[in-house]
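Below is upload.tsv, which holds TSV, C-alpha atoms.
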```
chain	number	residue	atom	x	y	z
J	848	MET	CA	0.00	0.00	0.00
J	849	THR	CA	1.44	3.36	-1.03
J	850	ASP	CA	1.43	6.43	1.21
J	851	ARG	CA	-1.70	7.61	-0.58
J	852	LEU	CA	-4.64	5.25	-0.74
J	853	ILE	CA	-5.70	4.38	-4.29
J	854	ALA	CA	-9.42	5.10	-4.59
J	855	GLY	CA	-12.10	4.34	-7.14
J	856	VAL	CA	-15.71	5.49	-7.34
J	857	ILE	CA	-18.54	3.46	-8.88
J	858	GLY	CA	-21.14	5.88	-10.20
J	859	PHE	CA	-20.80	9.59	-10.91
J	860	GLY	CA	-24.27	10.98	-10.26
J	861	VAL	CA	-24.94	13.48	-7.49
J	862	ALA	CA	-23.55	11.20	-4.78
J	863	GLY	CA	-20.55	9.96	-6.71
J	864	GLU	CA	-19.52	13.36	-8.02
J	865	PHE	CA	-20.29	15.78	-5.21
J	866	PHE	CA	-20.24	13.74	-2.02
J	867	HIS	CA	-17.43	11.32	-2.79
J	868	SER	CA	-15.16	12.13	-5.74
J	869	ARG	CA	-14.69	15.76	-4.80
J	870	PHE	CA	-13.61	14.80	-1.29
J	871	LEU	CA	-11.30	12.01	-2.45
J	872	ALA	CA	-9.71	14.27	-5.08
J	873	THR	CA	-8.89	16.96	-2.50
J	874	ASN	CA	-7.94	14.80	0.49
J	875	PRO	CA	-4.16	14.20	0.73
J	876	ASN	CA	-4.79	10.70	2.08
J	877	TYR	CA	-6.06	9.54	-1.32
J	878	GLU	CA	-5.25	9.33	-4.99
J	879	LEU	CA	-8.47	9.21	-6.99
J	880	ARG	CA	-7.57	6.87	-9.82
J	881	GLY	CA	-10.81	5.42	-11.17
J	882	VAL	CA	-14.40	6.46	-11.84
J	883	VAL	CA	-17.07	4.26	-13.39
J	884	THR	CA	-19.57	6.04	-15.64
J	885	THR	CA	-20.85	5.67	-19.19
J	886	ASP	CA	-22.09	9.27	-19.46
J	887	ALA	CA	-19.75	11.39	-21.61
J	888	ALA	CA	-20.40	14.67	-19.81
J	889	ARG	CA	-19.88	13.09	-16.42
J	890	ALA	CA	-16.72	11.39	-17.64
J	891	GLU	CA	-15.32	14.77	-18.69
J	892	ARG	CA	-16.08	16.26	-15.26
J	893	ALA	CA	-14.50	13.26	-13.55
J	894	ARG	CA	-11.26	13.64	-15.49
J	895	ALA	CA	-11.19	17.33	-14.60
J	896	LEU	CA	-11.07	16.52	-10.87
J	897	ALA	CA	-7.52	15.16	-10.93
J	898	PRO	CA	-4.89	14.20	-13.54
J	899	THR	CA	-4.79	10.67	-12.09
J	900	VAL	CA	-8.45	9.89	-12.89
J	901	GLU	CA	-9.20	7.26	-15.48
J	902	VAL	CA	-12.81	6.68	-16.50
J	903	PHE	CA	-14.11	3.14	-16.95
J	904	ALA	CA	-17.30	1.86	-18.59
J	905	SER	CA	-17.85	-0.96	-16.07
J	906	VAL	CA	-17.01	-2.01	-12.54
J	907	ASP	CA	-15.21	-5.11	-13.79
J	908	GLU	CA	-13.04	-3.01	-16.09
J	909	MET	CA	-12.02	-0.69	-13.25
J	910	LEU	CA	-11.24	-3.48	-10.80
J	911	LYS	CA	-9.14	-5.34	-13.40
J	912	SER	CA	-7.09	-2.19	-14.09
J	913	GLY	CA	-5.11	-2.45	-10.87
J	914	GLN	CA	-5.25	-2.69	-7.10
J	915	PHE	CA	-7.56	-0.29	-5.27
J	916	ASP	CA	-7.26	0.34	-1.53
J	917	LEU	CA	-10.74	1.88	-1.36
J	918	VAL	CA	-13.78	1.60	-3.61
J	919	VAL	CA	-16.84	3.81	-3.10
J	920	VAL	CA	-20.18	2.37	-4.22
J	921	ALA	CA	-22.35	5.29	-5.35
J	922	SER	CA	-24.46	3.44	-7.90
J	923	PRO	CA	-28.26	3.03	-7.60
J	924	PRO	CA	-29.24	0.99	-4.51
J	925	ALA	CA	-30.36	-2.07	-6.48
J	926	LEU	CA	-26.73	-2.50	-7.58
J	927	HIS	CA	-25.11	-2.04	-4.16
J	928	VAL	CA	-24.84	-5.74	-3.33
J	929	GLU	CA	-23.30	-6.63	-6.70
J	930	HIS	CA	-20.84	-3.72	-6.69
J	931	ALA	CA	-19.86	-3.83	-3.02
J	932	THR	CA	-19.25	-7.58	-2.98
J	933	ALA	CA	-17.18	-7.35	-6.17
J	934	ALA	CA	-14.99	-4.63	-4.67
J	935	LEU	CA	-14.57	-6.56	-1.42
J	936	ALA	CA	-13.58	-9.69	-3.35
J	937	HIS	CA	-11.03	-7.53	-5.17
J	938	GLY	CA	-9.45	-6.82	-1.79
J	939	ALA	CA	-10.55	-3.23	-1.39
J	940	ALA	CA	-12.06	-1.53	1.61
J	941	VAL	CA	-15.53	-0.30	0.67
J	942	VAL	CA	-17.69	2.75	1.37
J	943	VAL	CA	-21.35	2.29	0.40
J	944	ASP	CA	-23.56	5.33	-0.09
J	945	LYS	CA	-26.98	5.37	1.54
J	946	PRO	CA	-29.33	3.64	1.39
J	947	PHE	CA	-26.99	0.79	2.29
J	948	ALA	CA	-29.18	-1.59	0.27
J	949	PRO	CA	-32.84	-1.93	-0.74
J	950	THR	CA	-33.55	-4.55	1.96
J	951	VAL	CA	-32.19	-5.82	5.27
J	952	ALA	CA	-31.32	-9.12	3.61
J	953	ASP	CA	-29.25	-7.31	0.98
J	954	ALA	CA	-27.50	-5.22	3.63
J	955	ASN	CA	-26.57	-8.37	5.55
J	956	ARG	CA	-25.13	-9.92	2.40
J	957	ILE	CA	-22.71	-7.00	2.07
J	958	VAL	CA	-21.70	-7.23	5.74
J	959	GLU	CA	-21.14	-10.97	5.40
J	960	ALA	CA	-18.92	-10.39	2.35
J	961	ALA	CA	-16.82	-7.86	4.27
J	962	VAL	CA	-16.34	-10.36	7.09
J	963	ALA	CA	-15.48	-13.15	4.66
J	964	HIS	CA	-12.86	-11.03	2.88
J	965	ASP	CA	-11.68	-9.33	6.10
J	966	ARG	CA	-11.93	-5.84	4.61
J	967	PRO	CA	-13.22	-2.61	6.21
J	968	LEU	CA	-16.80	-1.72	5.28
J	969	VAL	CA	-18.30	1.71	5.93
J	970	VAL	CA	-21.71	3.20	5.17
J	971	TYR	CA	-21.74	6.87	4.16
J	972	GLN	CA	-23.63	8.63	6.92
J	973	ASN	CA	-22.16	12.07	6.21
J	974	ARG	CA	-24.96	13.80	8.13
J	975	ARG	CA	-23.23	12.81	11.37
J	976	TRP	CA	-20.79	15.58	10.38
J	977	ASP	CA	-23.43	18.28	9.82
J	978	ARG	CA	-22.60	21.27	11.99
J	979	ASP	CA	-26.13	21.56	13.40
J	980	PHE	CA	-26.22	17.89	14.34
J	981	ARG	CA	-22.81	18.02	16.00
J	982	THR	CA	-23.97	21.06	17.98
J	983	ILE	CA	-27.09	19.46	19.44
J	984	GLN	CA	-25.16	16.24	20.02
J	985	ARG	CA	-22.60	18.18	22.06
J	986	MET	CA	-25.31	20.09	23.98
J	987	LEU	CA	-26.97	16.80	24.85
J	988	ALA	CA	-23.68	15.29	26.02
J	989	ASP	CA	-22.90	18.41	28.10
J	990	GLY	CA	-26.25	18.16	29.89
J	991	ALA	CA	-27.45	21.54	28.62
J	992	LEU	CA	-30.82	20.07	27.64
J	993	GLY	CA	-31.29	17.78	30.63
J	994	THR	CA	-32.92	14.44	29.89
J	995	PRO	CA	-34.15	14.44	26.26
J	996	HIS	CA	-37.76	13.44	25.67
J	997	THR	CA	-38.80	14.62	22.17
J	998	PHE	CA	-36.77	14.95	18.97
J	999	GLU	CA	-38.11	16.39	15.72
J	1000	SER	CA	-36.06	16.13	12.55
J	1001	ARG	CA	-37.03	16.82	8.96
J	1002	PHE	CA	-35.76	17.06	5.41
J	1003	GLU	CA	-38.26	19.22	3.52
J	1004	ARG	CA	-37.91	20.62	0.03
J	1005	TRP	CA	-40.05	22.30	-2.59
J	1006	LYS	CA	-39.97	20.30	-5.82
J	1007	PRO	CA	-43.36	20.76	-7.50
J	1008	GLN	CA	-42.21	19.08	-10.71
J	1009	LEU	CA	-41.53	15.36	-10.71
J	1010	ASP	CA	-37.81	14.76	-11.20
J	1011	LYS	CA	-36.73	12.66	-14.15
J	1012	ASN	CA	-33.77	11.12	-12.33
J	1013	TRP	CA	-33.60	7.50	-11.15
J	1014	LYS	CA	-34.73	8.39	-7.62
J	1015	ALA	CA	-38.12	9.60	-8.84
J	1016	THR	CA	-38.65	6.83	-11.38
J	1017	THR	CA	-37.38	3.85	-9.35
J	1018	THR	CA	-39.78	1.58	-7.51
J	1019	VAL	CA	-39.48	0.79	-3.81
J	1020	ASP	CA	-38.31	-2.77	-4.56
J	1021	ALA	CA	-35.34	-1.34	-6.46
J	1022	GLY	CA	-34.45	1.13	-3.72
J	1023	GLY	CA	-36.58	4.11	-4.74
J	1024	GLY	CA	-38.69	6.43	-2.60
J	1025	ILE	CA	-37.98	9.18	-0.11
J	1026	LEU	CA	-38.07	6.78	2.85
J	1027	LEU	CA	-35.00	4.95	1.56
J	1028	ASP	CA	-33.39	8.13	0.25
J	1029	LEU	CA	-33.57	10.38	3.33
J	1030	GLY	CA	-34.87	7.98	5.96
J	1031	PRO	CA	-31.38	6.54	6.61
J	1032	HIS	CA	-30.14	9.99	7.67
J	1033	LEU	CA	-33.19	10.74	9.80
J	1034	VAL	CA	-33.14	7.41	11.63
J	1035	ASP	CA	-29.35	7.31	12.05
J	1036	GLN	CA	-29.24	10.77	13.61
J	1037	ALA	CA	-32.14	9.96	15.95
J	1038	VAL	CA	-30.40	6.79	17.15
J	1039	GLN	CA	-27.08	8.58	17.57
J	1040	LEU	CA	-28.80	11.14	19.81
J	1041	LEU	CA	-31.35	9.09	21.74
J	1042	GLY	CA	-30.13	5.52	21.58
J	1043	PRO	CA	-31.70	2.26	20.37
J	1044	VAL	CA	-35.27	2.15	19.11
J	1045	ARG	CA	-37.84	0.05	20.98
J	1046	ARG	CA	-40.47	0.21	18.27
J	1047	VAL	CA	-41.83	2.13	15.30
J	1048	ALA	CA	-44.95	3.66	16.83
J	1049	HIS	CA	-46.36	5.12	13.62
J	1050	ALA	CA	-45.46	5.44	9.94
J	1051	ARG	CA	-47.12	7.12	6.99
J	1052	LEU	CA	-45.94	7.07	3.38
J	1053	ARG	CA	-47.58	8.92	0.50
J	1054	ILE	CA	-47.07	9.56	-3.21
J	1055	LEU	CA	-48.02	13.21	-3.79
J	1056	HIS	CA	-46.58	13.76	-7.27
J	1057	ASP	CA	-48.74	12.56	-10.15
J	1058	GLY	CA	-46.96	9.71	-11.85
J	1059	GLY	CA	-44.51	9.11	-9.01
J	1060	ALA	CA	-43.10	5.59	-8.84
J	1061	ALA	CA	-42.53	5.56	-5.07
J	1062	ASP	CA	-43.22	7.51	-1.87
J	1063	ASP	CA	-42.24	11.19	-1.89
J	1064	ASP	CA	-43.62	12.08	1.56
J	1065	ALA	CA	-42.83	10.19	4.76
J	1066	PHE	CA	-43.44	10.45	8.50
J	1067	LEU	CA	-42.15	8.15	11.25
J	1068	GLU	CA	-42.57	8.19	15.00
J	1069	LEU	CA	-40.01	6.13	16.90
J	1070	GLU	CA	-40.07	5.15	20.56
J	1071	HIS	CA	-36.55	4.75	21.96
J	1072	GLU	CA	-35.60	2.37	24.75
J	1073	SER	CA	-34.90	5.43	26.91
J	1074	GLY	CA	-38.56	6.47	26.62
J	1075	ALA	CA	-37.77	9.41	24.35
J	1076	VAL	CA	-39.71	9.88	21.12
J	1077	SER	CA	-38.43	10.87	17.66
J	1078	ARG	CA	-40.74	12.37	15.04
J	1079	LEU	CA	-39.07	12.21	11.65
J	1080	SER	CA	-40.36	13.53	8.33
J	1081	ALA	CA	-39.24	13.99	4.74
J	1082	GLY	CA	-41.14	15.65	1.94
J	1083	SER	CA	-40.58	17.12	-1.50
J	1084	LEU	CA	-43.75	19.23	-1.74
J	1085	VAL	CA	-43.23	21.54	1.23
J	1086	GLY	CA	-43.34	25.21	0.23
J	1087	VAL	CA	-42.42	26.58	3.67
J	1088	THR	CA	-40.07	24.29	5.55
J	1089	GLY	CA	-40.11	23.65	9.28
J	1090	PRO	CA	-37.08	23.58	11.58
J	1091	ARG	CA	-34.36	21.14	10.61
J	1092	PHE	CA	-34.06	20.05	14.24
J	1093	ARG	CA	-35.96	20.59	17.47
J	1094	LEU	CA	-34.75	18.65	20.50
J	1095	SER	CA	-36.51	19.09	23.83
J	1096	GLY	CA	-35.30	17.97	27.23
J	1097	THR	CA	-36.08	18.58	30.87
J	1098	LYS	CA	-33.91	21.74	30.88
J	1099	GLY	CA	-34.99	23.33	27.60
J	1100	THR	CA	-35.24	23.08	23.82
J	1101	VAL	CA	-32.76	23.69	21.01
J	1102	VAL	CA	-33.94	24.58	17.49
J	1103	VAL	CA	-31.96	24.87	14.25
J	1104	GLU	CA	-33.42	26.16	10.99
J	1105	GLY	CA	-32.26	25.34	7.47
J	1106	LEU	CA	-29.93	22.72	6.04
J	1107	ASP	CA	-26.21	22.27	6.57
J	1108	GLN	CA	-24.57	24.42	3.92
J	1109	GLN	CA	-21.92	21.97	2.69
J	1110	GLU	CA	-24.30	20.41	0.16
J	1111	HIS	CA	-25.26	23.84	-1.19
J	1112	ALA	CA	-21.60	24.81	-1.46
J	1113	LEU	CA	-20.84	21.66	-3.44
J	1114	ARG	CA	-23.86	21.48	-5.73
J	1115	VAL	CA	-24.89	25.10	-6.22
J	1116	ASP	CA	-21.75	27.16	-5.61
J	1117	GLY	CA	-19.47	24.65	-7.30
J	1118	ALA	CA	-17.07	24.71	-4.35
J	1119	MET	CA	-14.40	22.13	-3.66
J	1120	PRO	CA	-13.84	20.81	-0.12
J	1121	SER	CA	-10.33	22.26	-0.21
J	1122	ASP	CA	-11.60	25.79	-0.83
J	1123	PRO	CA	-11.06	28.24	2.06
J	1124	GLY	CA	-14.17	28.49	4.20
J	1125	PHE	CA	-15.84	25.52	2.50
J	1126	ASP	CA	-17.44	24.29	5.73
J	1127	HIS	CA	-18.50	27.76	6.88
J	1128	ASP	CA	-22.12	27.91	8.02
J	1129	THR	CA	-24.02	31.14	8.66
J	1130	ARG	CA	-26.76	29.49	10.73
J	1131	VAL	CA	-27.03	29.42	14.52
J	1132	ALA	CA	-28.88	27.30	17.06
J	1133	GLN	CA	-31.55	28.80	19.30
J	1134	PHE	CA	-31.98	27.61	22.89
J	1135	GLY	CA	-35.08	28.31	24.92
J	1136	ALA	CA	-36.42	27.48	28.38
J	1137	GLY	CA	-39.52	29.51	29.18
J	1138	ASP	CA	-38.54	33.19	29.05
J	1139	GLU	CA	-34.86	32.31	28.75
J	1140	ARG	CA	-33.47	32.64	25.20
J	1141	SER	CA	-29.94	32.35	23.83
J	1142	THR	CA	-28.16	32.02	20.49
J	1143	ILE	CA	-25.48	29.37	20.07
J	1144	ALA	CA	-22.81	29.25	17.38
J	1145	LEU	CA	-22.66	25.96	15.50
J	1146	ASP	CA	-19.84	23.54	16.26
J	1147	PRO	CA	-17.31	22.70	13.53
J	1148	GLY	CA	-18.13	19.85	11.18
J	1149	SER	CA	-16.98	18.75	7.74
J	1150	TYR	CA	-17.72	15.76	5.52
J	1151	GLN	CA	-13.98	15.59	4.88
J	1152	ASP	CA	-13.63	14.37	8.47
J	1153	PHE	CA	-15.48	11.22	7.39
J	1154	TYR	CA	-12.88	10.43	4.74
J	1155	ASP	CA	-10.02	11.23	7.13
J	1156	ALA	CA	-11.47	8.61	9.49
J	1157	VAL	CA	-11.94	6.12	6.64
J	1158	ALA	CA	-8.25	6.52	5.71
J	1159	ALA	CA	-7.23	5.81	9.28
J	1160	ALA	CA	-9.43	2.70	9.37
J	1161	VAL	CA	-8.06	1.36	6.08
J	1162	ARG	CA	-4.53	1.81	7.43
J	1163	GLY	CA	-5.44	0.00	10.63
J	1164	GLN	CA	-5.06	3.16	12.71
J	1165	GLY	CA	-8.62	3.45	14.02
J	1166	PRO	CA	-12.18	2.12	13.82
J	1167	VAL	CA	-14.46	2.68	10.85
J	1168	PRO	CA	-16.33	5.98	11.31
J	1169	VAL	CA	-19.73	4.37	10.72
J	1170	ASP	CA	-20.26	0.76	11.79
J	1171	PRO	CA	-22.14	-1.11	9.02
J	1172	ARG	CA	-24.18	-2.86	11.71
J	1173	ASP	CA	-25.66	0.56	12.53
J	1174	ALA	CA	-26.83	0.75	8.92
J	1175	VAL	CA	-28.37	-2.73	9.11
J	1176	ARG	CA	-30.33	-1.70	12.21
J	1177	THR	CA	-31.44	1.45	10.38
J	1178	MET	CA	-32.66	-0.69	7.49
J	1179	GLU	CA	-34.61	-2.86	9.95
J	1180	ILE	CA	-36.40	0.23	11.25
J	1181	LEU	CA	-37.17	1.46	7.74
J	1182	GLU	CA	-38.52	-1.93	6.69
J	1183	GLU	CA	-40.77	-2.00	9.75
J	1184	ALA	CA	-41.96	1.53	8.96
J	1185	ARG	CA	-42.89	0.50	5.44
J	1186	ARG	CA	-44.74	-2.55	6.76
J	1187	LEU	CA	-46.79	-0.34	9.11
J	1188	ALA	CA	-47.51	2.45	6.61
```
Rewrite the structure of this file - the entire thing - as structure tokens.
Amino acid sequence: MTDRLIAGVIGFGVAGEFFHSRFLATNPNYELRGVVTTDAARAERARALAPTVEVFASVDEMLKSGQFDLVVVASPPALHVEHATAALAHGAAVVVDKPFAPTVADANRIVEAAVAHDRPLVVYQNRRWDRDFRTIQRMLADGALGTPHTFESRFERWKPQLDKNWKATTTVDAGGGILLDLGPHLVDQAVQLLGPVRRVAHARLRILHDGGAADDDAFLELEHESGAVSRLSAGSLVGVTGPRFRLSGTKGTVVVEGLDQQEHALRVDGAMPSDPGFDHDTRVAQFGAGDERSTIALDPGSYQDFYDAVAAAVRGQGPVPVDPRDAVRTMEILEEARRLA
């Protein structure tokens, strides 16, 4: 293994390009050497990321081109088992984008392959490194909120026109729908804050767009073993969004509005993670307890920290930053939610 880890990315859509390749191309721990895509425009953008990038038409072609220390699976969910197990058999450590897999059974197949090949496996839960989430996580750990009892978390967007991408046209069985798209983030963050889930108390899934192939509006209520409750929602037809987070405890409530700004910087501003001020966030958290009010600056957080931790894990210098068994448990909760809805 060279000083820099040789990395390849399978898929160069939104996830592969913005959330993986850009970080690998700018992180000194890695050399981004391969990208799999058959789209000419995407191939051109991939080559522009780094002079080392070679574009391949298939996963097999990339894996046969040489040894990869890390392979990122950012293809559609229905292909995650095939692509992740192939990369693990190749001898690479693997990062799988969310959703980990369309089903719990598929997720377990990937975990079993990682164990069989004795390679690190990580699921991309980048939202653990959102600045707002890290702030409320720290406040909870510091005791500023007392004992937590109610957590509200939402991903809401205004998309009145049905997207033409694979997410909007893919059925649930193939990994489509907003529950599998954003539910992994919502559930993972709730569990990270409030601990294991006792049961899914309520779930509702709807298709609001005419012609939609899968759910585009979701609500879950989880009861945690601690007795706390999480109310989680995701929607694409919300013209005025609610707070991103509201966490209430016996000493007060913290509220954060708006989304972490790293995604906007990447996708709208065209920023690279190495740009000065990339992880800057203009938002603040608001704390309240009756008449008491205070404004709290957000804690630092960067998705690049995820890939720093992955590099350490691949080199045997630390644990994986996201345990794949966490992702399997998340999939179990999402499957139960779909059964109840």
Quick one: which stretch 1163-1184 of chain J residues come within 10 Å of stretch 1059-1081 of chain J, and what is the nearest atom pair for each with the distance in Å to one decimal, counting all atoms listed in the file, rows ordered by chain and ascending number, as a Markdown table?
```
| residue | atom | partner | partner_atom | distance |
| --- | --- | --- | --- | --- |
| J:Ile1180 | CA | J:Leu1069 | CA | 8.9 |
| J:Leu1181 | CA | J:Leu1067 | CA | 9.0 |
| J:Ala1184 | CA | J:Leu1067 | CA | 7.0 |
```
### Message
Can you pull out the residues contacting stretch 1001-1016 of chain J? Cut-off 9 Å, using all atoms listed in the file, and skip same-chain residues under 6 positions away; I want them as an NGL selection string.
### Response
:J and (923 or 1022-1025 or 1028-1029 or 1033 or 1056-1063 or 1078-1092 or 1106)
Go ahead and write the selection's residues with C-alpha atoms as a tab-separated table (two decimals), in the frame of the given file.
```tsv
chain	number	residue	atom	x	y	z
J	923	PRO	CA	-28.26	3.03	-7.60
J	1022	GLY	CA	-34.45	1.13	-3.72
J	1023	GLY	CA	-36.58	4.11	-4.74
J	1024	GLY	CA	-38.69	6.43	-2.60
J	1025	ILE	CA	-37.98	9.18	-0.11
J	1028	ASP	CA	-33.39	8.13	0.25
J	1029	LEU	CA	-33.57	10.38	3.33
J	1033	LEU	CA	-33.19	10.74	9.80
J	1056	HIS	CA	-46.58	13.76	-7.27
J	1057	ASP	CA	-48.74	12.56	-10.15
J	1058	GLY	CA	-46.96	9.71	-11.85
J	1059	GLY	CA	-44.51	9.11	-9.01
J	1060	ALA	CA	-43.10	5.59	-8.84
J	1061	ALA	CA	-42.53	5.56	-5.07
J	1062	ASP	CA	-43.22	7.51	-1.87
J	1063	ASP	CA	-42.24	11.19	-1.89
J	1078	ARG	CA	-40.74	12.37	15.04
J	1079	LEU	CA	-39.07	12.21	11.65
J	1080	SER	CA	-40.36	13.53	8.33
J	1081	ALA	CA	-39.24	13.99	4.74
J	1082	GLY	CA	-41.14	15.65	1.94
J	1083	SER	CA	-40.58	17.12	-1.50
J	1084	LEU	CA	-43.75	19.23	-1.74
J	1085	VAL	CA	-43.23	21.54	1.23
J	1086	GLY	CA	-43.34	25.21	0.23
J	1087	VAL	CA	-42.42	26.58	3.67
J	1088	THR	CA	-40.07	24.29	5.55
J	1089	GLY	CA	-40.11	23.65	9.28
J	1090	PRO	CA	-37.08	23.58	11.58
J	1091	ARG	CA	-34.36	21.14	10.61
J	1092	PHE	CA	-34.06	20.05	14.24
J	1106	LEU	CA	-29.93	22.72	6.04
```
#### Entry: Nearby residues (only C-alpha atoms) at most 6 Å from J:Asp916, same-chain spacing under 3 positions excluded, as a PyMOL selection string
chain J and resi 852-853+939
Residues of stretch 1013-1119 of chain J that have any atom at most 12 Å from an atom of stretch 1139-1143 of chain J: could you tabulate them with the shortest-distance atom pair and the distance in Å to one decimal, using only C-alpha atoms, ordered by chain and increasing number, as JSON lines?
```
{"residue": "J:Lys1098", "atom": "CA", "partner": "J:Glu1139", "partner_atom": "CA", "distance": 10.8}
{"residue": "J:Gly1099", "atom": "CA", "partner": "J:Glu1139", "partner_atom": "CA", "distance": 9.1}
{"residue": "J:Thr1100", "atom": "CA", "partner": "J:Arg1140", "partner_atom": "CA", "distance": 9.8}
{"residue": "J:Val1101", "atom": "CA", "partner": "J:Ile1143", "partner_atom": "CA", "distance": 9.3}
{"residue": "J:Val1102", "atom": "CA", "partner": "J:Thr1142", "partner_atom": "CA", "distance": 9.9}
{"residue": "J:Val1103", "atom": "CA", "partner": "J:Ile1143", "partner_atom": "CA", "distance": 9.8}
```
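Taking atom CA of J:Leu935 and atom CA of J:Val920 as the two end points, the separation is 10.9 Å.
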